[in-house]
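K.L.:
Following this line is my_file_24.txt, made up of compact mmCIF, C-alpha atoms:
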# COMPACT_ATOMS: atom_id res chain seq x y z
CA MET A 18 2.51 18.04 -55.84
CA ASN A 19 0.56 16.62 -52.97
CA LYS A 20 -0.98 13.83 -54.97
CA ILE A 21 -1.78 10.79 -52.88
CA LYS A 22 -1.24 7.63 -54.87
CA GLN A 23 -4.33 5.62 -55.55
CA LYS A 24 -2.67 2.44 -54.28
CA ASP A 25 -1.85 4.08 -50.96
CA LEU A 26 -5.36 5.41 -50.64
CA ILE A 27 -6.84 1.93 -51.10
CA LEU A 28 -4.36 0.46 -48.65
CA TYR A 29 -4.97 3.02 -45.90
CA SER A 30 -8.74 3.09 -46.25
CA GLY A 31 -8.75 -0.71 -46.29
CA LEU A 32 -6.69 -0.84 -43.10
CA ILE A 33 -8.87 1.73 -41.36
CA ILE A 34 -12.06 -0.12 -42.31
CA LEU A 35 -10.47 -3.37 -41.12
CA GLY A 36 -9.46 -1.68 -37.87
CA LEU A 37 -12.94 -0.28 -37.30
CA ALA A 38 -14.61 -3.59 -38.13
CA ALA A 39 -12.16 -5.76 -36.19
CA PRO A 40 -13.89 -5.69 -32.76
CA PHE A 41 -17.16 -6.76 -34.36
CA LEU A 42 -15.58 -9.42 -36.56
CA PHE A 43 -13.44 -10.95 -33.81
CA SER A 44 -15.45 -9.94 -30.78
CA ALA A 45 -13.74 -12.52 -28.57
CA TYR A 46 -10.33 -10.96 -29.19
CA LYS A 47 -11.09 -7.34 -28.32
CA VAL A 48 -8.60 -7.19 -25.46
CA GLN A 49 -5.92 -8.80 -27.61
CA LEU A 50 -6.59 -6.30 -30.39
CA THR A 51 -6.27 -3.45 -27.91
CA TYR A 52 -2.96 -4.89 -26.75
CA LEU A 53 -1.89 -5.12 -30.38
CA CYS A 54 -2.69 -1.46 -31.04
CA VAL A 55 -0.78 -0.35 -27.95
CA MET A 56 2.18 -2.54 -28.84
CA ILE A 57 2.32 -1.14 -32.35
CA VAL A 58 2.32 2.36 -30.88
CA LEU A 59 5.16 1.45 -28.51
CA ALA A 60 7.17 -0.16 -31.32
CA MET A 61 6.69 2.86 -33.54
CA THR A 62 7.75 5.32 -30.88
CA TRP A 63 10.76 3.18 -30.03
CA ASN A 64 11.62 3.10 -33.70
CA LEU A 65 11.59 6.89 -33.80
CA GLN A 66 14.07 6.85 -30.94
CA GLY A 67 16.23 3.81 -31.58
CA GLY A 68 15.84 3.30 -35.28
CA GLU A 69 15.91 6.84 -36.59
CA MET A 70 17.95 8.62 -33.96
CA GLY A 71 20.25 5.70 -33.15
CA TYR A 72 19.80 6.11 -29.39
CA ASN A 73 18.88 2.64 -28.20
CA THR A 74 16.76 3.37 -25.20
CA PHE A 75 15.41 0.88 -22.71
CA GLY A 76 13.87 3.70 -20.73
CA ASN A 77 10.77 4.48 -22.76
CA ILE A 78 8.98 2.23 -20.33
CA LEU A 79 9.46 5.11 -17.86
CA PHE A 80 6.98 7.24 -19.81
CA TYR A 81 4.63 4.32 -20.32
CA GLY A 82 4.45 3.64 -16.59
CA LEU A 83 4.30 7.31 -15.72
CA GLY A 84 1.36 7.75 -18.08
CA MET A 85 -0.37 4.76 -16.56
CA TYR A 86 -0.05 6.00 -12.99
CA LEU A 87 -0.94 9.59 -13.91
CA CYS A 88 -4.06 8.63 -15.84
CA ALA A 89 -5.37 6.45 -13.04
CA SER A 90 -4.43 8.97 -10.32
CA VAL A 91 -6.14 11.85 -12.07
CA GLN A 92 -9.19 9.74 -12.76
CA VAL A 93 -9.52 8.87 -9.09
CA GLY A 94 -8.14 12.08 -7.58
CA MET A 95 -10.55 14.33 -9.45
CA PHE A 96 -13.52 13.03 -7.49
CA PHE A 97 -12.30 11.11 -4.45
CA PRO A 98 -9.40 11.34 -2.01
CA LEU A 99 -6.59 9.38 -3.63
CA ALA A 100 -5.03 8.11 -0.42
CA GLU A 101 -8.26 6.56 0.84
CA TRP A 102 -8.89 4.97 -2.53
CA THR A 103 -5.54 3.20 -2.61
CA GLU A 104 -5.78 2.28 1.05
CA SER A 105 -9.08 0.51 0.53
CA GLY A 106 -7.41 -1.45 -2.25
CA GLY A 107 -9.82 -3.58 -4.19
CA GLU A 108 -12.71 -2.91 -1.79
CA LYS A 109 -14.19 -0.18 -3.98
CA THR A 110 -15.67 2.04 -1.32
CA PHE A 111 -16.12 4.75 -3.94
CA VAL A 112 -17.99 4.33 -7.19
CA HIS A 113 -17.60 6.54 -10.23
CA THR A 114 -20.76 7.55 -12.04
CA THR A 115 -20.71 7.23 -15.83
CA ALA A 116 -20.04 10.93 -16.39
CA GLN A 117 -17.33 10.99 -13.75
CA TYR A 118 -15.62 7.97 -15.26
CA PHE A 119 -15.39 9.39 -18.77
CA GLN A 120 -14.50 12.87 -17.54
CA GLY A 121 -11.81 11.34 -15.38
CA ILE A 122 -10.31 9.26 -18.13
CA GLY A 123 -10.33 12.24 -20.48
CA PHE A 124 -8.40 14.46 -18.11
CA GLY A 125 -6.28 11.51 -17.07
CA LEU A 126 -5.18 10.88 -20.62
CA LEU A 127 -4.44 14.57 -21.02
CA ALA A 128 -2.16 14.41 -17.99
CA ALA A 129 -0.69 11.13 -19.23
CA ALA A 130 0.22 12.80 -22.49
CA ILE A 131 1.57 16.10 -21.20
CA ILE A 132 3.51 15.23 -18.05
CA PRO A 133 5.72 12.46 -19.53
CA THR A 134 6.53 14.84 -22.39
CA ILE A 135 7.62 17.48 -19.89
CA VAL A 136 9.63 14.90 -17.95
CA ALA A 137 11.34 13.78 -21.15
CA GLY A 138 12.20 17.37 -21.95
CA ALA A 139 13.50 17.99 -18.44
CA ILE A 140 15.77 14.96 -18.21
CA GLY A 141 16.60 14.96 -21.90
CA TYR A 142 19.48 17.41 -21.68
CA ALA A 143 21.26 15.38 -19.02
CA ILE A 144 20.59 11.90 -20.34
CA LEU A 145 20.91 12.45 -24.08
CA GLY A 146 24.44 13.73 -23.64
CA LEU A 147 25.46 10.13 -23.09
CA ARG A 148 26.09 7.95 -26.10
CA GLY A 149 26.15 4.32 -27.12
CA HIS A 150 26.26 1.76 -24.33
CA TYR A 151 26.23 4.37 -21.60
CA PHE A 152 22.97 5.79 -22.86
CA ALA A 153 21.41 2.32 -23.00
CA ILE A 154 22.59 1.48 -19.46
CA CYS A 155 21.51 4.83 -18.08
CA THR A 156 17.99 4.57 -19.49
CA LEU A 157 17.77 0.97 -18.30
CA GLY A 158 18.72 2.14 -14.80
CA LEU A 159 16.18 4.94 -15.02
CA GLY A 160 13.40 2.52 -15.90
CA ILE A 161 14.22 0.11 -13.09
CA ALA A 162 14.68 2.91 -10.57
CA ALA A 163 11.30 4.41 -11.52
CA GLY A 164 9.61 1.07 -10.94
CA GLU A 165 11.27 0.59 -7.56
CA ILE A 166 10.53 4.13 -6.45
CA ALA A 167 6.89 3.89 -7.54
CA GLY A 168 6.71 0.71 -5.49
CA GLY A 169 7.62 2.74 -2.39
CA ILE A 170 5.17 5.64 -2.68
CA GLU A 171 2.18 5.12 -0.40
CA ILE A 172 -0.32 7.40 -2.11
CA ILE A 173 -0.28 5.48 -5.36
CA GLY A 174 -0.60 2.12 -3.69
CA ALA A 175 3.06 1.23 -3.14
CA GLY A 176 3.72 -2.50 -3.41
CA GLN A 177 0.07 -3.30 -2.91
CA GLY A 178 -0.82 -1.96 -6.33
CA PHE A 179 -3.36 0.53 -7.57
CA THR A 180 -6.83 -0.50 -8.67
CA THR A 181 -8.01 1.72 -11.51
CA PRO A 182 -11.67 2.75 -11.43
CA PRO A 183 -13.94 -0.01 -12.71
CA PHE A 184 -16.00 0.62 -15.82
CA PRO A 185 -19.26 2.37 -14.84
CA VAL A 186 -21.87 -0.10 -13.66
CA GLU A 187 -24.74 1.78 -15.30
CA ILE A 188 -23.55 0.57 -18.68
CA VAL A 189 -24.80 -2.99 -18.55
CA ASP A 190 -23.66 -3.91 -22.06
CA ASP A 191 -20.80 -6.40 -21.61
CA GLU A 192 -19.24 -5.48 -24.92
CA ALA A 193 -19.03 -1.75 -24.16
CA ARG A 194 -15.87 -1.83 -22.09
CA GLY A 195 -13.82 -3.74 -24.62
CA GLU A 196 -15.10 -1.62 -27.48
CA PHE A 197 -14.40 1.63 -25.65
CA PHE A 198 -10.78 0.72 -24.95
CA TYR A 199 -10.31 -0.78 -28.39
CA PHE A 200 -11.47 2.35 -30.18
CA LEU A 201 -9.43 4.53 -27.84
CA SER A 202 -6.29 2.59 -28.62
CA PHE A 203 -7.13 2.43 -32.32
CA ALA A 204 -7.50 6.20 -32.40
CA LEU A 205 -4.13 6.49 -30.69
CA LEU A 206 -2.62 4.10 -33.23
CA VAL A 207 -3.97 6.11 -36.17
CA ALA A 208 -2.78 9.37 -34.61
CA THR A 209 0.69 7.93 -34.00
CA PHE A 210 0.90 6.52 -37.50
CA VAL A 211 -0.15 9.80 -39.10
CA PHE A 212 2.30 11.73 -36.94
CA ILE A 213 5.21 9.41 -37.70
CA LYS A 214 4.36 9.33 -41.39
CA TRP A 215 4.45 13.10 -41.34
CA ILE A 216 7.84 12.99 -39.64
CA TYR A 217 9.08 10.58 -42.31
CA GLY A 218 8.42 13.12 -45.00
CA SER A 219 9.94 16.02 -43.10
CA ARG A 220 13.36 17.49 -42.56
CA PHE A 221 13.22 16.39 -38.95
CA ARG A 222 13.72 12.76 -39.93
CA LEU A 223 16.75 13.63 -42.03
CA ILE A 224 18.23 15.43 -39.05
CA LEU A 225 17.56 12.44 -36.80
CA ASN A 226 19.22 10.18 -39.38
CA ALA A 227 22.20 12.50 -39.53
CA ILE A 228 22.49 12.23 -35.74
CA ARG A 229 22.34 8.45 -35.99
CA ASP A 230 24.94 8.18 -38.71
CA ASN A 231 27.47 10.61 -37.32
CA GLU A 232 26.58 12.98 -34.57
CA ASP A 233 29.84 14.90 -34.59
CA LYS A 234 29.55 15.62 -38.28
CA ALA A 235 25.92 16.61 -37.90
CA GLU A 236 26.94 19.06 -35.21
CA ALA A 237 29.76 20.37 -37.35
CA MET A 238 27.26 20.97 -40.16
CA GLY A 239 25.48 23.41 -37.90
CA ILE A 240 22.63 21.24 -36.65
CA GLN A 241 21.84 21.81 -32.98
CA THR A 242 21.81 18.10 -32.29
CA MET A 243 20.80 18.35 -28.64
CA LYS A 244 17.66 20.30 -29.47
CA TYR A 245 16.53 17.75 -32.02
CA LYS A 246 17.42 14.80 -29.81
CA ILE A 247 15.29 16.18 -27.00
CA THR A 248 12.42 16.90 -29.40
CA GLY A 249 12.61 13.34 -30.71
CA TRP A 250 12.52 11.96 -27.20
CA MET A 251 9.59 14.16 -26.28
CA CYS A 252 7.63 12.87 -29.30
CA SER A 253 8.28 9.31 -28.11
CA ALA A 254 7.29 10.15 -24.56
CA PHE A 255 4.02 11.76 -25.62
CA PHE A 256 2.71 8.63 -27.33
CA CYS A 257 4.21 6.26 -24.76
CA GLY A 258 2.39 8.12 -21.99
CA LEU A 259 -0.93 7.93 -23.81
CA ALA A 260 -0.43 4.22 -24.51
CA GLY A 261 0.28 3.68 -20.81
CA GLY A 262 -2.83 5.57 -19.79
CA ILE A 263 -5.05 3.43 -22.01
CA MET A 264 -3.35 0.25 -20.88
CA GLY A 265 -3.87 1.13 -17.20
CA GLY A 266 -7.59 1.51 -17.74
CA LEU A 267 -7.76 -1.71 -19.72
CA ILE A 268 -5.86 -3.89 -17.27
CA GLY A 269 -7.66 -2.42 -14.28
CA TYR A 270 -4.85 -2.99 -11.85
CA ILE A 271 -1.48 -1.27 -11.72
CA ASP A 272 1.48 -2.94 -10.13
CA SER A 273 4.65 -0.91 -9.94
CA THR A 274 7.11 -3.35 -11.46
CA ASP A 275 4.95 -5.91 -13.25
CA VAL A 276 2.43 -3.73 -15.05
CA ALA A 277 3.50 -0.11 -15.11
CA PHE A 278 7.30 0.05 -15.24
CA ASP A 279 7.43 -3.36 -16.82
CA GLY A 280 10.93 -3.15 -18.26
CA ARG A 281 11.24 -6.92 -18.22
CA GLU A 282 8.34 -7.43 -20.60
CA MET A 283 7.00 -4.35 -22.36
CA GLY A 284 10.31 -2.53 -22.22
CA VAL A 285 12.09 -5.36 -23.99
CA PHE A 286 9.19 -6.22 -26.28
CA MET A 287 9.06 -2.76 -27.76
CA VAL A 288 12.72 -3.04 -28.75
CA LEU A 289 12.22 -6.56 -30.12
CA MET A 290 9.19 -5.62 -32.15
CA ALA A 291 10.94 -2.71 -33.79
CA ILE A 292 14.00 -4.83 -34.57
CA LEU A 293 11.92 -7.76 -35.86
CA GLY A 294 10.11 -5.50 -38.28
CA GLY A 295 13.20 -3.57 -39.22
CA LYS A 296 14.31 -0.39 -37.57
CA GLY A 297 14.35 2.83 -39.44
CA THR A 298 11.31 1.99 -41.57
CA LEU A 299 7.74 3.22 -41.33
CA TRP A 300 6.03 -0.12 -41.77
CA GLY A 301 8.65 -2.23 -40.03
CA PRO A 302 7.42 -1.72 -36.44
CA VAL A 303 3.80 -2.20 -37.50
CA ILE A 304 4.52 -5.53 -39.19
CA GLY A 305 6.98 -6.55 -36.48
CA ALA A 306 4.57 -5.80 -33.65
CA THR A 307 1.71 -7.64 -35.34
CA LEU A 308 3.79 -10.76 -35.98
CA PHE A 309 5.37 -10.60 -32.55
CA HIS A 310 2.04 -10.31 -30.81
CA ILE A 311 0.60 -13.26 -32.72
CA PHE A 312 3.71 -15.31 -31.94
CA LYS A 313 3.71 -14.31 -28.32
CA GLU A 314 0.07 -15.12 -27.72
CA GLY A 315 0.50 -18.42 -29.55
CA LEU A 316 3.49 -19.35 -27.42
CA TRP A 317 1.78 -18.28 -24.20
CA THR A 318 -1.27 -20.36 -25.08
CA PHE A 319 0.21 -23.55 -26.47
CA ILE A 320 3.49 -24.09 -24.64
CA LEU A 321 2.93 -22.35 -21.36
CA GLY A 322 5.91 -22.80 -19.10
CA TRP A 323 8.32 -22.79 -22.02
CA GLN A 324 7.18 -19.44 -23.40
CA TYR A 325 10.33 -17.54 -22.46
CA VAL A 326 12.53 -20.27 -23.94
CA ALA A 327 10.61 -20.11 -27.20
CA LEU A 328 10.83 -16.33 -27.11
CA GLY A 329 14.58 -16.57 -26.67
CA VAL A 330 14.82 -18.91 -29.67
CA LEU A 331 12.73 -16.43 -31.64
CA ILE A 332 15.11 -13.63 -30.73
CA VAL A 333 18.13 -15.68 -31.82
CA VAL A 334 16.44 -16.52 -35.13
CA ILE A 335 15.60 -12.87 -35.70
CA VAL A 336 19.14 -11.75 -35.01
CA ILE A 337 20.78 -14.44 -37.16
CA TYR A 338 18.45 -14.58 -40.16
CA PHE A 339 16.94 -11.11 -40.21
CA PRO A 340 19.61 -8.78 -38.87
CA GLU A 341 18.00 -5.92 -40.76
CA GLY A 342 14.50 -6.94 -39.75
CA LEU A 343 11.72 -8.16 -41.99
CA MET A 344 11.55 -4.92 -43.92
CA GLY A 345 15.28 -5.00 -44.51
CA TRP A 346 15.03 -8.57 -45.71
CA LEU A 347 12.17 -7.74 -48.06
CA ARG A 348 14.08 -4.76 -49.32
CA GLU A 349 17.06 -6.94 -50.18
CA LYS A 350 14.84 -9.51 -51.89
CA PHE A 351 12.63 -7.15 -53.88
CA PRO A 352 14.46 -3.84 -54.20
CA GLU A 353 12.27 -2.78 -57.14
CA ARG A 354 9.21 -2.71 -54.94
CA PHE A 355 10.88 -0.12 -52.76
CA GLY A 356 11.60 2.14 -55.69
CA GLU A 357 15.27 1.32 -55.83
CA ALA A 358 17.03 0.78 -59.10
CA ILE A 359 19.78 -1.80 -58.82
CA ASP A 360 22.73 -1.69 -61.12
CA GLU A 361 23.22 -5.35 -62.05
CA LYS A 362 26.90 -4.93 -62.82
CA ASP A 363 27.49 -3.28 -59.49
CA ARG A 364 25.56 -5.99 -57.68
CA LYS A 365 27.55 -8.77 -59.34
CA ALA A 366 30.79 -7.04 -58.51
CA SER A 367 29.83 -6.77 -54.85
CA VAL A 368 28.77 -10.44 -54.78
CA GLU A 369 32.11 -11.44 -56.23
CA LEU A 370 33.89 -9.37 -53.64
CA LYS A 371 32.17 -11.28 -50.88
CA MET B 4 26.57 -1.88 -12.81
CA ILE B 5 29.59 -1.76 -10.56
CA VAL B 6 31.76 -1.63 -13.66
CA ILE B 7 29.73 1.17 -15.20
CA ILE B 8 30.02 3.26 -12.06
CA ALA B 9 33.77 2.70 -11.96
CA GLY B 10 34.26 3.29 -15.66
CA LEU B 11 35.04 0.61 -18.22
CA GLY B 12 38.56 -0.78 -18.05
CA ASN B 13 39.49 0.76 -14.72
CA LEU B 14 40.32 -2.17 -12.46
CA PRO B 15 41.19 -0.57 -9.07
CA ALA B 16 38.13 1.64 -9.27
CA VAL B 17 35.96 -1.44 -9.80
CA ALA B 18 37.08 -2.82 -6.43
CA ILE B 19 36.42 0.50 -4.72
CA SER B 20 33.04 1.02 -6.36
CA GLY B 21 31.99 -2.52 -5.45
CA MET B 22 32.64 -1.81 -1.79
CA GLY B 23 31.18 1.68 -1.98
CA LEU B 24 28.01 0.41 -3.60
CA GLY B 25 27.45 -2.04 -0.78
CA VAL B 26 27.93 0.69 1.81
CA PHE B 27 25.69 3.07 -0.14
CA GLU B 28 22.98 0.46 -0.33
CA GLU B 29 22.96 0.03 3.44
CA PHE B 30 22.91 3.78 4.01
CA ALA B 31 20.04 4.20 1.56
CA ASP B 32 18.24 1.46 3.41
CA TYR B 33 18.68 3.33 6.70
CA ILE B 34 18.03 6.88 5.53
CA LEU B 35 15.38 6.51 2.85
CA GLY B 36 13.72 3.33 3.99
CA THR B 37 13.86 -0.23 2.76
CA GLU B 38 11.37 0.28 -0.04
CA PHE B 39 13.69 2.70 -1.82
CA ARG B 40 16.82 0.57 -1.44
CA ILE B 41 17.04 -0.78 -5.00
CA GLY B 42 15.67 2.41 -6.50
CA ALA B 43 18.38 4.44 -4.77
CA VAL B 44 21.13 2.26 -6.20
CA PHE B 45 19.81 2.65 -9.73
CA MET B 46 19.33 6.38 -9.24
CA LEU B 47 22.97 6.54 -8.10
CA LEU B 48 23.94 4.89 -11.37
CA VAL B 49 21.98 7.47 -13.34
CA PHE B 50 23.36 10.38 -11.32
CA ILE B 51 26.94 9.24 -11.67
CA LEU B 52 26.59 8.85 -15.41
CA VAL B 53 24.98 12.26 -15.71
CA TYR B 54 27.67 13.82 -13.48
CA ARG B 55 30.43 12.34 -15.60
CA ARG B 56 28.64 13.50 -18.74
CA PHE B 57 28.57 17.10 -17.50
CA LYS B 58 32.17 16.94 -16.37
CA LEU B 59 33.30 15.68 -19.76
CA SER B 60 31.14 18.10 -21.69
CA LYS B 61 33.20 21.00 -20.30
CA LYS B 62 36.08 19.58 -22.32
CA ARG B 63 33.72 19.05 -25.26
CA GLU B 64 34.04 15.30 -24.89
CA TYR B 65 31.35 12.75 -24.20
CA LEU B 66 30.87 9.33 -22.67
CA LYS B 67 30.49 6.59 -25.23
Render the structure in this file as structure tokens.
P.N.:
Amino acid sequence: MNKIKQKDLILYSGLIILGLAAPFLFSAYKVQLTYLCVMIVLAMTWNLQGGEMGYNTFGNILFYGLGMYLCASVQVGMFFPLAEWTESGGEKTFVHTTAQYFQGIGFGLLAAAIIPTIVAGAIGYAILGLRGHYFAICTLGLGIAAGEIAGGIEIIGAGQGFTTPPFPVEIVDDEARGEFFYFLSFALLVATFVFIKWIYGSRFRLILNAIRDNEDKAEAMGIQTMKYKITGWMCSAFFCGLAGGIMGGLIGYIDSTDVAFDGREMGVFMVLMAILGGKGTLWGPVIGATLFHIFKEGLWTFILGWQYVALGVLIVVIVIYFPEGLMGWLREKFPERFGEAIDEKDRKASVELK
Amino acid sequence: MIVIIAGLGNLPAVAISGMGLGVFEEFADYILGTEFRIGAVFMLLVFILVYRRFKLSKKREYLK
């Protein structure tokens, strides 16, 4: 019953070995690889929300930023007065010892995982009652408002920004910092993938798809749609918060609107990546995020100044040529590989109809 | 945003909400402080949408 196919086993073990070896093979690109892992996580959680549930949210950045601020605040606040830390800005009047740093980041990530989930559950009932464009606009407003409000709160640095604790000075190895954050984000990526793969095989996904396809009918069939919608959002928020926490530590500096509640970049990228790869598929966001990240870094490096123009062209190309995403395109090209039997007569008939 | 607050396709309300939003922004500036000015406007958007959602849900309808 629970037989894992040999092909899958080879694929997954190969990917995990590649992931574990990556920072040693491409040691100059550790930060980029960490970014890649976090972006894949964001794309996958957005896919759970927008692709499976059909609720196109622009507000997942809220949980990402919340996680980032919480992780850093807990890490500092556990040992030093938070207000003095942020007031001194980059002056670093306090220094974390090695044990304090790792303890802090552990508890910080715990807070970054739990509190955004609770927030998602608390606002879920009010926000998820909206549908279609109104939901998208409302979450967009929520994301922007969160950034602006965070920019006004003194204790977390306000507009000046928040410097996250520097990596402990006792560890003199230059490579350690990059490796630590890479493996943290890789672990998060694996956990997210396993969780979402588990969801894909469960009844929960079918319920989410039913909500996407026709919510009224799903409700009429006796599914408590609101309960499942909130649960889906909470799952997204959990992983978004963790991703934010890791990202805060990696970047080292948190600005309210440009790093944490970065709806203009991360908030849009996570939607783009999921759509590029194909929404509503397991591998779509992973492939989409990888390609997107490579593209983005290439554009940022080689045609700096025109990067947003090139990105816009990329978006137009995606929308025109791959409306179903790369996975959708592949599925249309090679349906047999996806385990679909195509009736040739039926296919010809539909082509003639067009 | 002004249109969303007024409701899509409701022309007189758009004029009123445009004016009201300007006034609200100034009040938020005065009461909450300048740093929360933009945040307050976006929170107003969220609150109005949520308010309308709860009002409609009594009739078992929804905003879409």
K.L.:
With 9 Å as the limit and counting all atoms listed in the file, what residues in chain B lie close to chain A? Please list them as a list in words.
P.N.:
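Going by the stated atoms only, the list reads Met4, Ile7, Gly36, Thr37, Glu38, Phe39, Arg40, Ile41, Gly42, Ala43, Val44, Phe45, Met46, Leu48, Val49, Phe50, Leu52, Val53, Tyr54, Arg56, Phe57, Ser60, Tyr65, Leu66 and Lys67 of chain B.
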K.L.:
With only C-alpha atoms as the atoms that count, which of A:Lys296, A:Thr134, A:Ile173, A:Lys214 lies nearest to Asn73 of chain A?
P.N.:
A:Lys296
K.L.:
Provide an axis-aligned box for all listed atoms of segment 47-61 of chain B, padding each side by 3 Å; report its centre and its edge lengths in Å to one decimal, as JSON.
P.N.:
{"center_x": 27.6, "center_y": 12.9, "center_z": -14.9, "size_x": 17.3, "size_y": 22.1, "size_z": 19.6}
K.L.:
Give me, as number ranges by chain, all polymer residues having an atom no more than 8 Å from segment 108-123 of chain A, counting all atoms listed in the file and skipping those fewer than 2 positions away in the same chain.
P.N.:
A: 88-89, 91-93, 95-97, 102, 105-106, 125-127, 182-188
K.L.:
Next, write the just-selected residues to a file, as an mmCIF file, keeping the file's coordinate frame, keeping C-alpha atoms as the atom set.
P.N.:
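The resulting file, selection_5.cif, is shown below:
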data_model
loop_
_atom_site.group_PDB
_atom_site.id
_atom_site.type_symbol
_atom_site.label_atom_id
_atom_site.label_comp_id
_atom_site.auth_asym_id
_atom_site.auth_seq_id
_atom_site.Cartn_x
_atom_site.Cartn_y
_atom_site.Cartn_z
ATOM 1 C CA CYS A 88 -4.060 8.630 -15.840
ATOM 2 C CA ALA A 89 -5.370 6.450 -13.040
ATOM 3 C CA VAL A 91 -6.140 11.850 -12.070
ATOM 4 C CA GLN A 92 -9.190 9.740 -12.760
ATOM 5 C CA VAL A 93 -9.520 8.870 -9.090
ATOM 6 C CA MET A 95 -10.550 14.330 -9.450
ATOM 7 C CA PHE A 96 -13.520 13.030 -7.490
ATOM 8 C CA PHE A 97 -12.300 11.110 -4.450
ATOM 9 C CA TRP A 102 -8.890 4.970 -2.530
ATOM 10 C CA SER A 105 -9.080 0.510 0.530
ATOM 11 C CA GLY A 106 -7.410 -1.450 -2.250
ATOM 12 C CA GLY A 125 -6.280 11.510 -17.070
ATOM 13 C CA LEU A 126 -5.180 10.880 -20.620
ATOM 14 C CA LEU A 127 -4.440 14.570 -21.020
ATOM 15 C CA PRO A 182 -11.670 2.750 -11.430
ATOM 16 C CA PRO A 183 -13.940 -0.010 -12.710
ATOM 17 C CA PHE A 184 -16.000 0.620 -15.820
ATOM 18 C CA PRO A 185 -19.260 2.370 -14.840
ATOM 19 C CA VAL A 186 -21.870 -0.100 -13.660
ATOM 20 C CA GLU A 187 -24.740 1.780 -15.300
ATOM 21 C CA ILE A 188 -23.550 0.570 -18.680
#
K.L.:
What is the distance between atom CA of Gly294 of chain A and atom CA of Gly68 of chain A, in Å to one decimal?
P.N.:
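About the pair atom CA of Gly294 of chain A and atom CA of Gly68 of chain A: they are 10.9 Å apart.
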K.L.:
Can you tell me, as number ranges by chain, what residues are no more than 12 Å from Gly239 of chain A when counting all atoms listed in the file, ignoring any on the same chain fewer than 5 positions away?
P.N.:
A: 224, 227-228, 232-234, 244
K.L.:
Between atom CA of Gly322 of chain A and atom CA of Val334 of chain A, measure the distance and give it in Å to one decimal.
P.N.:
20.2 Å
K.L.:
Between atom CA of Thr181 of chain A and atom CA of Ala60 of chain A, what is the distance in Å, rounded to a tenth?
P.N.:
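About the pair atom CA of Thr181 of chain A and atom CA of Ala60 of chain A: they are 25.0 Å apart.
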K.L.:
Write out as an MDAnalysis selection string which residues come within 7 Å of segment 280-290 of chain A when counting all atoms listed in the file, dropping same-chain ones fewer than 6 positions away.
P.N.:
chainID A and resid 56 59:60 63 75 78 160:161 302 305:306 309
K.L.:
Please provide as a PyMOL selection string all residues within 10 Å of Phe221 of chain A, with the sequence filter that same-chain residues fewer than 6 positions apart are discarded (counting all atoms listed in the file).
P.N.:
chain A and resi 215+227+245+248-249
K.L.:
Take the selection from the previous step and output its residues with C-alpha atoms, as a compact mmCIF listing (two decimals), in the coordinates of the input.
P.N.:
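again.txt, written as the output of this step:
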# COMPACT_ATOMS: atom_id res chain seq x y z
CA TRP A 215 4.45 13.10 -41.34
CA ALA A 227 22.20 12.50 -39.53
CA TYR A 245 16.53 17.75 -32.02
CA THR A 248 12.42 16.90 -29.40
CA GLY A 249 12.61 13.34 -30.71
K.L.:
Looking at only C-alpha atoms, which of A:Gly218, A:Gly94, A:Gly315, A:Gly295 is the one that sits closest to Met344 of chain A?
P.N.:
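Among the listed residues, the smallest separation from Met344 of chain A belongs to A:Gly295.
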K.L.:
What lies within 8 Å of Tyr86 of chain A using only C-alpha atoms, ignoring chain neighbours under 4 positions off, as a VMD selection string?
P.N.:
chain A and resid 82 90 173 262 265 271 277
K.L.:
Would you mind exporting C-alpha atoms of the selected residues as a PDB file, in the coordinates of the input?
P.N.:
ATOM      1  CA  GLY A  82       4.450   3.640 -16.590  1.00  0.00           C
ATOM      2  CA  SER A  90      -4.430   8.970 -10.320  1.00  0.00           C
ATOM      3  CA  ILE A 173      -0.280   5.480  -5.360  1.00  0.00           C
ATOM      4  CA  GLY A 262      -2.830   5.570 -19.790  1.00  0.00           C
ATOM      5  CA  GLY A 265      -3.870   1.130 -17.200  1.00  0.00           C
ATOM      6  CA  ILE A 271      -1.480  -1.270 -11.720  1.00  0.00           C
ATOM      7  CA  ALA A 277       3.500  -0.110 -15.110  1.00  0.00           C
TER       8      ALA A 277
END
